[in-house]
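Below you'll find the structure, written out as structure tokens, and then a few comments.
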Amino acid sequence: MFESHIAVGKSLERIDGVEKVTGSAKYATDIRLENMLHAKLIRSPHAHAKVKRIDTSSAEKLPGVRAVATILEVPKVIEYWFSLRTEKKKKQMFLRDNVVRFMGDPVLAIAADDQQTVDKALSLVKVEYEPLPAIYDPFMAMEETDVKIHSRGNIAFKVNKDYGDIQEGLKKADIIIENTYRTSKQKHAALEPFGTCVALYQSNGKLTVYSSTQLPHWSRHYLAGALDLPLNRVRVIKPHTGGSFGGRCGLIHGLEVMCSWLSRQTGRPVRMSFTREEDFIGTETRHPMTIRMKTGATRDGILTATDVDIVSDVGGYGTHYIGVIADCLSTGVGLYKTPNYSFSARAVFTNKSPCGALRGYGNPQMNFAQESQMDIIAEKLRMDPLELRLKNYRELGEIDPVLNEKILSNGLRECLEKGAELSGWEKKRHQWKRYQRSVKATRNRGIGLSIMLHGTGAGKALPDPASATVMINADGSVNLITAAADEGQGNRTVLAQIASETLGIEFEKISVSETDTETTPIDCGTHGSRQAYSGGLAVQAAATEARNQIFAYAVKELGAAEDQLRIKDGVIFEINNPDNKILISDLMRKTQIEDMNVCEQVIGSAAGVAPAMPGYYGAVFAEVEVDTETGEVKVLKLTNAFDVGRAINPDLVKGQIIGGGVMGIGFALTEGLLIEDGRILNSNFSDYRLLRACDVPEIVPIIVESDEPTGPFGAKGIGEGCMVNVASAISNAIYHATGVRLTDLCMTPEAILKGLEER
Amino acid sequence: MKKGKLRVNERRKTMSVYFQIEEYHRPRDLAQAVDILSGFGNRARVIAGGTDILPRRAGVKKIDNINHLVDISRLGLDYLKREGDHIFMGAGTTINTIGASPLFLSGPYGALSDAAGAHSTSTIRNRATVGGNLCNASPCADLALPLLVLDAILVAAGPEGKRHIPIENFFKGVNYTALNNEEVLVEIRIPLCSEKTGSSFLKLRRHQTAIDMAVVNVATSLNCRENRCEAAGIALGSVAPVPFRAKKAESMLAGAKLSKGIIEKAAVAAAGEARPIDDVRSTSAYRKKMIAVLVRRSLESSMRRCGQ
Ligand SMILES: Cc1cc2nc3c(=O)[nH]c(=O)nc-3n(C[C@H](O)[C@H](O)[C@H](O)COP(=O)(O)OP(=O)(O)OC[C@H]3O[C@@H](n4cnc5c(N)ncnc54)[C@H](O)[C@@H]3O)c2cc1C
């Protein structure tokens with residue numbers, strides 16, 4: 001497929017690997033500035049209340065207390081970057097009022113010389129609340145119009161979309177399946193808690209914020225808006241980050257804006273760092289959804305209609321609530337060529353912690369419903385679930401009706417075939433079933449599958465810029481300047497590989513800039529599985545531009561035509577006369593320094609938006625063992641095949657597939673916040689269950705490469721999709737093992753046992 | 001600095017929420033430990049592995065007023081030996097030491113190595129001690145159950161010397177035991193059982209993650225002669241304020257000929273003796289059902305281990 005591979009397709013060592021394993025990499029929590037103040041929040045003990053009075057007089061008398069900031073003056077950010085497009089919308093992004101909307105909602109923050117003084121000061125603050133009726137159930141929130149969580153009402157967003165004619169479609173169906181699915185309030189649970197920030201407002205009117213944001217440039221916009229500063233007076237620096245999974249897709253509720261406000265009042269750097277418990281109770285989660293889905297198919301297993309109604313629980317504040325629903329739509333409609341699709345959804349405020357982006361956006365919820373439905377249809381039609389998928393998935397060359405984009409690469413069939421082969425699908429499907437019928441066993445095994453589609457980037461739905469600059473130095477080394485935020489997945493390494501491959505300069509000679517809005521051109525950030533694709537395209541274009549400039553000099557130097565020149569391992573040579581050559585380093589020194597008439601550096605830059613939102617695909621084969629007396633489920637093995645277009649760095653892709661598998665098992669079986677009367681009951685890792693290393697089964701990652709024509713070297717995404725369809729595959733496997741169909745996540749032993757008893 | 005005391009300096013105090021204490025004591029002998037405990041009354045607590053007391057101090061379920069910790073790691077309480085008609089276990093023995101000991105591999109004591117293996121994860125088990133597990137008196141303490149069916153005797157040391165407490169009288173309530181403030185649990189004695197005894201332990205976690213606390217945990221022991229049960233022990237955890245023996249169920253088995261039917265009946269009876277609650281981990285209805293399943297499975301396994 002490619003003629004040269006000096007960097008692309010190789011599992012090169014990540015550029016920050018040594019720093020990280022030796023402990024020298026600096027994370028937000030490591031940052032200490034001179035004269036730094038410490039700040040902490042007071043959070044609301046009520047799920048819904050008006051703040052009547054805040055008395056900080058005794059706290060302010062305490063020596064060492066430097067500043068107080070309350071929600072009465074500090075705005076909250078309640079929308080995402082779509083709203084930056086117009087001044088009018090932008091104004092609505094910021095909310096300043098005296099209402100707290102969930103238990104844990106910040107009320108005020110105090111900054112003092114040290115943490116102990118802060119704690120003491122906080123204990124002296126008196127806040128008077130007027131409790132308001134609280135609503136935790138989105139269905140009640142839609143009915144209960146007397147209680148308004150936001151002034152515009154409790155329905156944050158509403159949409160209806162129709163493709164084809166749903167009634168016609170249902171008429172054509174021989175079977176119609178209808179079920180309601182519910183998904184949980186999953187938490188990101190990143191290793192580095194959300195959030196830590198240090199903000200410094202200097203007397204020259206400039207604000208610098210250290211924050212682990214996924215979106216440094218949009219965060220700069222949000223801060224500038226909230227503090228009414230010009231963009232060039234706000235600098236966001238993103239240090240190394242211990243995982244984000246979508247939860248840092250913007251600013252953290254109550255963190256950066258508060259800190260900056262306190263710093264502006266004092267002129268001193270202010271640090272605030274949430275505890276893990278604050279992360280659990282006060283920062284964004286996945287949107288829990290109730291999805292009613294009606295699916296129709298012919299006797300031959302051809303889908304004729306899908307009718308979906310979604311109620312998405314936004315919590316007390318929304319940021320990504322529209323995008324998440326748009327994602328349900330695009331992935332739901334996009335995956336299968338169902339001719340008649342009716343989609344309606346409502347995003348509803350409740351008095352619970354806010355929801356936002358979490359790996360997969362709305363897709364894991366939607367996929368759970370859709371892929372459960374497919375399994376039921378296959379069962380009813382006595383058809384192999386794999387065959388049903390092959391009959392209906394939207395193939396190469398077809399038009400995706402939501403994005404109105406032609407599918408230019410699709411490796412789903414190969415994902416299914418390879419996964420089936422490596423997991424032993426056919427054999428296990430039959431043998432295990434027979435075994436369950438023949439013996440009254442208490443440990444039943446099952447195997448299930450599911451597929452998924454996820455878009456790369458968001459260019460069709462949101463402003464989604466990417467840019468990069470490539471500078472060639474006089475010694476032939478390269479600086480790659482990019483704002484691509486690496487959350488730990490390794491995308492800066494991937495971008496360096498793309499630069500290296502494009503330039504023909506060794507990977508070791510590429511160095512990647514710090515992620516700092518002051519020194520990098522705008523980038524939408526790391527979200528939507530986009531960085532290798534969108535960021536990669538920008539880097540590829542910038543590097544191509546630089547390479548063209550190098551060639552222009554080389555043409556003069558070597559006296560050969562440009563189409564006769566090649567670069568390999570840092571040497572430019574004439575293809576038919578390899579002795580006519582020059583080291584890039586010699587050429588660059590010459591043009592930059594030696595030749596005083598030139599003194600020019602090769603700088604290639606590119607900016608813009610990716611031409612498409614290519615879908616990437618995946619198939620998961622899950623094997624489980626269910627204890628039919630206790631309902632316990634053990635995942636024995638996952639075989640996960642994903643079409644990533646082209647794996648720029650195969651080990652990093654495998655890392656994503658395995659990590660996504662682990663997160664998917666958590667979503668399926670163990671995770672989710674439990675809430676009683678607005679209070680989160682499991683705000684720590686002994687009650688919120690993540691899989692430990694010893695709980696993780698064998699996960700077999702399979703990389704499929706379909707060569708996306710619009711992507712850099714054929715690449716598209718992987719980051720989110722690899723967790724999307726794990727839960728549905730596990731649920732389908734549980735059904736195969738037991739005949740119990742579960743519709744609620746997470747699937748607890750108790751629910752499985754109940755299902756077994758009702759069987 | 002006084003001998004045997006480590007003073008926490010000011011800096012340390014401000015650094016971590018875990019150690020907001022006035023003093024951390026590390027006595028060199030038992031008498032000194034008891035002295036310190038007597039001196040500070042209910043403001044002092046023993047710290048062994050610290051895997052219960054430190055997370056609780058950190059605020060998950062805060063214990064107030066304690067600002068003296070008395071470290072017992074220098075008191076020579078980490079030992080395991082078989083002598084005369086007892087196995088002697090120091091209260092400071094770690095869970096991993098118990099899990100790895102050949103003493104508990106055979107039939108009669110199998111429940112102990114099962115429980116040690118089911119307790120948390122290896123990293124925690126390297127620090128967590130059996131004494132801490134008992135003295136913390138959680139309803140779901142794993143080691144309590146095998147020790148209950150093995151009729152262990154607990155040896156406590158206080159200002160008046162030592163006293164013996166049968167384990168059945170030890171647990172008084174959630175996080176509340178028969179020990180006085182100034183007492184240290186020093187030893188656990190397990191009477192040797194006849195070769196014809198088998199015991200086992202089972203635990204059900206809410207989710208299948210290794211570190212999950214029990215939703216239900218049980219230990220059973222059976223002493224049988226040619227399929228006739230001479231004595232039975234059934235201990236239940238997580239289904240009442242304290243771990244306890246299901247005496248009615250036990251009496252159904254004692255003297256009976258062991259069969260699938262009687263085991264099933266005893267298991268159901270054991271479930272009837274429990275008073276589980278609904279909590280974050282599970283509902284009481286599910287817990288009740290699971291007791292019956294686990295007790296049955298455990299009894300079957302104990303039966304297989306008889307005479308091993
Ligand atoms: C992540 C995690 C997982 C866990 N999983 C499990 C599990 O699966 N099963 C389980 O049973 N437990 C579990 N625990 C709880 C804990 O590990 C155990 O109860 C452990 O055995 C306690 O021992 P320790 O030595 O660490 O006790 P410590 O924390 O040192 O002490 C616990 C209590 O006992 C008192 N104490 C300790 N030793 C003595 C003594 N000799 N005399 C008098 N008082 C004493 C202390 O004052 C304190 O009140 C877990 C804990 C954590 C943090």
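How things are named: the first chain in the structure tokens is A, the next is B, and so on; residues count from 1 in each chain; ligands count from 1 in the order shown.
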
Could you give me, as a PDB file with C-alpha atoms, in the first residue's frame, every polymer residue with an atom at most 6 Å away from an atom of ligand 1, counting only C-alpha atoms and all ligand atoms?
```
ATOM      1  CA  ARG B  45      -6.361   3.237  68.717  1.00  0.00           C
ATOM      2  CA  VAL B  46      -4.206   0.319  67.743  1.00  0.00           C
ATOM      3  CA  ILE B  47      -2.921   0.352  64.211  1.00  0.00           C
ATOM      4  CA  ALA B  48      -1.827  -2.965  62.699  1.00  0.00           C
ATOM      5  CA  GLY B  49      -1.796  -3.118  58.882  1.00  0.00           C
ATOM      6  CA  GLY B  50      -3.764   0.110  58.747  1.00  0.00           C
ATOM      7  CA  THR B  51      -5.951  -1.032  55.853  1.00  0.00           C
ATOM      8  CA  ASP B  52      -9.135  -0.376  57.780  1.00  0.00           C
ATOM      9  CA  ILE B  53      -8.218   2.407  60.104  1.00  0.00           C
ATOM     10  CA  ALA B  91      -2.805 -11.202  65.905  1.00  0.00           C
ATOM     11  CA  HIS B 119      -9.709 -11.303  51.058  1.00  0.00           C
ATOM     12  CA  SER B 120      -9.073  -8.157  48.946  1.00  0.00           C
ATOM     13  CA  ARG B 127      -0.354  -5.460  55.088  1.00  0.00           C
ATOM     14  CA  ALA B 128      -3.754  -6.486  56.393  1.00  0.00           C
ATOM     15  CA  THR B 129      -3.644  -8.608  59.539  1.00  0.00           C
ATOM     16  CA  VAL B 130      -5.995 -11.181  60.975  1.00  0.00           C
ATOM     17  CA  GLY B 131      -6.177  -9.209  64.228  1.00  0.00           C
ATOM     18  CA  GLY B 132      -7.195  -6.086  62.360  1.00  0.00           C
ATOM     19  CA  ASN B 133      -9.793  -8.019  60.425  1.00  0.00           C
ATOM     20  CA  CYS B 135     -11.005  -6.095  65.745  1.00  0.00           C
ATOM     21  CA  ASN B 136     -12.426  -3.911  63.011  1.00  0.00           C
ATOM     22  CA  CYS B 140     -18.361  -8.869  56.245  1.00  0.00           C
ATOM     23  CA  ALA B 141     -14.891  -9.546  57.700  1.00  0.00           C
ATOM     24  CA  ASP B 142     -13.718 -12.594  55.782  1.00  0.00           C
ATOM     25  CA  VAL B 184      -4.665  -5.469  72.569  1.00  0.00           C
ATOM     26  CA  LEU B 185      -5.679  -8.643  70.802  1.00  0.00           C
ATOM     27  CA  VAL B 186      -2.503 -10.696  70.887  1.00  0.00           C
ATOM     28  CA  ILE B 211     -11.412  -6.208  45.484  1.00  0.00           C
ATOM     29  CA  MET B 213     -16.351  -6.649  49.624  1.00  0.00           C
TER      30      MET B 213
END
```

At most 9 Å to chain B: residues in chain A, only C-alpha atoms, as a PyMOL selection string: chain A and resi 115-116+629-630+632-634+669-670+674+681-682+684+686-687+689-692+694-696+748-750+753

File of the preceding selection, N, CA, C and O atoms, as a compact mmCIF listing (two decimals), in the first residue's frame:
```txt
# COMPACT_ATOMS: atom_id res chain seq x y z
N GLN A 115 -3.30 25.33 52.68
CA GLN A 115 -4.49 24.50 52.65
C GLN A 115 -5.23 24.50 53.99
O GLN A 115 -6.45 24.50 54.04
N GLN A 116 -4.45 24.50 55.08
CA GLN A 116 -5.10 24.45 56.40
C GLN A 116 -5.93 25.69 56.68
O GLN A 116 -7.02 25.61 57.22
N GLU A 629 -26.96 -19.97 39.59
CA GLU A 629 -27.56 -19.92 40.92
C GLU A 629 -27.32 -18.58 41.61
O GLU A 629 -28.06 -18.20 42.52
N THR A 630 -26.25 -17.90 41.21
CA THR A 630 -25.96 -16.62 41.86
C THR A 630 -26.10 -15.45 40.90
O THR A 630 -26.16 -14.29 41.33
N GLU A 632 -23.82 -14.54 38.89
CA GLU A 632 -22.50 -13.95 38.61
C GLU A 632 -22.10 -14.20 37.15
O GLU A 632 -22.29 -15.29 36.63
N VAL A 633 -21.48 -13.18 36.57
CA VAL A 633 -20.98 -13.31 35.20
C VAL A 633 -19.48 -13.16 35.20
O VAL A 633 -18.94 -12.24 35.80
N LYS A 634 -18.84 -14.08 34.50
CA LYS A 634 -17.41 -13.93 34.34
C LYS A 634 -17.17 -13.77 32.86
O LYS A 634 -17.61 -14.60 32.06
N LEU A 669 -20.94 -4.42 33.31
CA LEU A 669 -21.17 -5.26 34.49
C LEU A 669 -21.00 -4.59 35.85
O LEU A 669 -21.58 -5.04 36.83
N THR A 670 -20.16 -3.58 35.94
CA THR A 670 -19.83 -3.14 37.31
C THR A 670 -20.02 -1.66 37.59
O THR A 670 -20.17 -1.27 38.74
N LEU A 674 -24.55 5.34 41.84
CA LEU A 674 -25.83 5.04 42.49
C LEU A 674 -26.27 6.29 43.23
O LEU A 674 -25.50 6.86 44.00
N LEU A 681 -24.03 7.63 46.23
CA LEU A 681 -23.69 6.70 47.32
C LEU A 681 -22.31 6.07 47.14
O LEU A 681 -21.73 5.58 48.09
N ASN A 682 -21.84 6.04 45.91
CA ASN A 682 -20.56 5.35 45.69
C ASN A 682 -19.52 6.30 45.11
O ASN A 682 -19.07 6.15 43.99
N ASN A 684 -16.41 6.70 45.77
CA ASN A 684 -15.03 6.31 46.01
C ASN A 684 -14.80 4.95 45.35
O ASN A 684 -15.75 4.27 44.97
N SER A 686 -13.89 2.16 46.55
CA SER A 686 -14.27 0.88 47.14
C SER A 686 -15.74 0.59 46.85
O SER A 686 -16.15 -0.56 46.86
N ASP A 687 -16.52 1.62 46.55
CA ASP A 687 -17.93 1.37 46.21
C ASP A 687 -18.22 1.52 44.72
O ASP A 687 -19.14 0.90 44.21
N ARG A 689 -17.18 0.48 41.32
CA ARG A 689 -16.35 -0.65 40.93
C ARG A 689 -15.74 -0.52 39.56
O ARG A 689 -16.42 -0.66 38.56
N LEU A 690 -14.43 -0.31 39.55
CA LEU A 690 -13.69 -0.42 38.30
C LEU A 690 -13.05 -1.79 38.27
O LEU A 690 -12.77 -2.37 39.31
N LEU A 691 -12.78 -2.28 37.07
CA LEU A 691 -12.04 -3.54 36.99
C LEU A 691 -10.60 -3.30 37.43
O LEU A 691 -10.00 -2.28 37.07
N ARG A 692 -10.07 -4.21 38.22
CA ARG A 692 -8.65 -4.17 38.55
C ARG A 692 -7.92 -5.02 37.51
O ARG A 692 -8.54 -5.81 36.81
N CYS A 694 -6.32 -7.62 37.81
CA CYS A 694 -6.56 -9.05 37.97
C CYS A 694 -7.96 -9.46 37.54
O CYS A 694 -8.26 -10.65 37.42
N ASP A 695 -8.85 -8.50 37.31
CA ASP A 695 -10.21 -8.83 36.87
C ASP A 695 -10.34 -8.86 35.35
O ASP A 695 -11.39 -9.21 34.84
N VAL A 696 -9.31 -8.42 34.68
CA VAL A 696 -9.43 -8.26 33.22
C VAL A 696 -9.17 -9.59 32.53
O VAL A 696 -8.15 -10.22 32.76
N THR A 748 -26.31 -6.50 36.79
CA THR A 748 -25.84 -7.04 38.07
C THR A 748 -26.24 -8.51 38.20
O THR A 748 -27.21 -8.95 37.58
N PRO A 749 -25.49 -9.25 39.02
CA PRO A 749 -25.86 -10.65 39.27
C PRO A 749 -27.31 -10.76 39.72
O PRO A 749 -28.03 -11.68 39.34
N GLU A 750 -27.72 -9.80 40.52
CA GLU A 750 -29.07 -9.81 41.03
C GLU A 750 -30.11 -9.75 39.91
O GLU A 750 -31.10 -10.49 39.90
N LEU A 753 -30.09 -13.03 37.99
CA LEU A 753 -30.80 -14.08 38.72
C LEU A 753 -32.31 -13.91 38.62
O LEU A 753 -33.05 -14.87 38.43
```

For region 6-14 of chain A, work out the shell of residues within 7 Å, counting only C-alpha atoms and skipping chain neighbours fewer than 3 positions away, then give it as a PDB file with C-alpha atoms, in the first residue's frame.
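Written out: selection-v2.pdb:
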```
ATOM      1  CA  GLY A  17       7.515   7.226  27.457  1.00  0.00           C
ATOM      2  CA  GLY A 490      -0.049   8.752  22.522  1.00  0.00           C
ATOM      3  CA  THR A 493       3.780  10.284  19.055  1.00  0.00           C
ATOM      4  CA  GLN A 497       5.332   9.592  13.003  1.00  0.00           C
ATOM      5  CA  ILE A 498       3.208  11.261  10.344  1.00  0.00           C
ATOM      6  CA  SER A 500       8.580  11.859   9.900  1.00  0.00           C
ATOM      7  CA  GLU A 501       7.006   9.766   7.170  1.00  0.00           C
ATOM      8  CA  PHE A 507      11.399   9.839  13.678  1.00  0.00           C
ATOM      9  CA  ALA A 647      -2.688   1.844  12.161  1.00  0.00           C
ATOM     10  CA  ILE A 648      -0.012   4.539  12.233  1.00  0.00           C
ATOM     11  CA  ASN A 649       1.291   2.949  15.433  1.00  0.00           C
ATOM     12  CA  PRO A 650      -0.125  -0.584  15.889  1.00  0.00           C
ATOM     13  CA  ASP A 651       0.840  -0.918  19.570  1.00  0.00           C
TER      14      ASP A 651
END
```

Residue list (helix (DSSP H, G or I), DSSP) for region 27-244 of chain B, as number ranges by chain: B: 30-43, 53-57, 95-100, 102-104, 107-118, 122-125, 130-135, 144-149, 167-169

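Shell of His287 (chain A) at 9 Å, with only C-alpha atoms counted and residues fewer than 2 places along the chain excluded, is Thr183, Ser184, Lys185, Gln186, Glu284, Thr285, Met289, Ser312, Asp313, Val314, Gly315, Tyr321, Val324, Pro354, Cys355, Gly356, Ala357, Leu358, Tyr361, Gly362 and Gln365 of chain A.
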
Surrounding residues of Glu144 (chain A) excluding itself and chain neighbours under 3 positions, 12 Å, only C-alpha atoms, as number ranges by chain: A: 133-141, 147-149, 153-155, 348-350

Distance criterion (only C-alpha atoms): nearest to Glu623 (chain A) out of A:Gly332, A:Pro288, A:Pro697, A:Pro465: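 Checking each candidate against Glu623 (chain A), we get A:Pro697 as the closest.
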
Which polymer residues have any atom within 7 Å of an atom of region 558-572 of chain A, counting only C-alpha atoms, with same-chain residues fewer than 5 positions away left out, as a PDB file with N, CA and C atoms, in the first residue's frame?
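Output saved as result_19.pdb:
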```pdb
ATOM      1  N   GLY A 504      10.310  12.391   5.257  1.00  0.00           N
ATOM      2  CA  GLY A 504      11.429  11.514   4.949  1.00  0.00           C
ATOM      3  C   GLY A 504      12.589  11.732   5.910  1.00  0.00           C
ATOM      4  N   ILE A 505      12.258  12.280   7.058  1.00  0.00           N
ATOM      5  CA  ILE A 505      13.286  12.524   8.078  1.00  0.00           C
ATOM      6  C   ILE A 505      13.020  11.592   9.253  1.00  0.00           C
ATOM      7  N   GLU A 506      14.102  11.032   9.822  1.00  0.00           N
ATOM      8  CA  GLU A 506      13.951  10.011  10.854  1.00  0.00           C
ATOM      9  C   GLU A 506      13.086  10.500  12.018  1.00  0.00           C
ATOM     10  N   PHE A 551      12.702  20.737  -1.204  1.00  0.00           N
ATOM     11  CA  PHE A 551      12.984  20.318  -2.580  1.00  0.00           C
ATOM     12  C   PHE A 551      13.377  21.511  -3.450  1.00  0.00           C
ATOM     13  N   ASN A 580      24.596  12.022  -6.750  1.00  0.00           N
ATOM     14  CA  ASN A 580      24.262  13.446  -6.684  1.00  0.00           C
ATOM     15  C   ASN A 580      23.307  13.633  -5.511  1.00  0.00           C
ATOM     16  N   LYS A 581      23.841  13.988  -4.334  1.00  0.00           N
ATOM     17  CA  LYS A 581      23.024  13.996  -3.122  1.00  0.00           C
ATOM     18  C   LYS A 581      23.497  15.058  -2.149  1.00  0.00           C
ATOM     19  N   ILE A 582      22.653  15.351  -1.203  1.00  0.00           N
ATOM     20  CA  ILE A 582      23.061  16.266  -0.128  1.00  0.00           C
ATOM     21  C   ILE A 582      22.285  15.903   1.144  1.00  0.00           C
ATOM     22  N   LEU A 583      22.971  16.011   2.259  1.00  0.00           N
ATOM     23  CA  LEU A 583      22.287  15.785   3.544  1.00  0.00           C
ATOM     24  C   LEU A 583      21.299  16.923   3.776  1.00  0.00           C
ATOM     25  N   ILE A 584      20.150  16.619   4.283  1.00  0.00           N
ATOM     26  CA  ILE A 584      19.197  17.693   4.584  1.00  0.00           C
ATOM     27  C   ILE A 584      19.835  18.683   5.553  1.00  0.00           C
TER      28      ILE A 584
END
```

All residues 9 Å or closer to Leu122 (chain A), only C-alpha atoms, same chain fewer than 2 positions away omitted, as a ChimeraX atom specification: /A:40-42,56,59,109-110,117-120,124-126

Two-atom distance - CA of Ile98 (chain B), CA of Ala235 (chain B) (Å): 19.3 Å

DSSP strand (DSSP E or B) residues within region 405-446 of chain A, as an MDAnalysis selection string: chainID A and resid 405:406 443:446

For Pro191 (chain B), the nearest of the candidates B:Glu83, B:Asp278, B:Glu230, B:Glu22, counting only C-alpha atoms: B:Glu83

A:Val624, A:Glu518, A:Gly323, A:Gly195 ranked by distance to Glu698 (chain A), top pick (using only C-alpha atoms):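 Looking at the shortest contact to Glu698 (chain A), the residue is A:Val624.
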
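What separates CA of Arg245 (chain B) from CA of Tyr109 (chain B) is a distance of 16.9 Å.
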
Among the residues B:Ala254, B:Ile36, B:Ala118, B:Ile95, the one that comes closest to Leu69 (chain B) [using only C-alpha atoms]: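 The closest residue to Leu69 (chain B) is B:Ile36.
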
Counting only C-alpha atoms, the residue of A:Met452, A:Ala173, A:Ile310, A:Ala461 that sits nearest Phe82 (chain A): A:Ala461
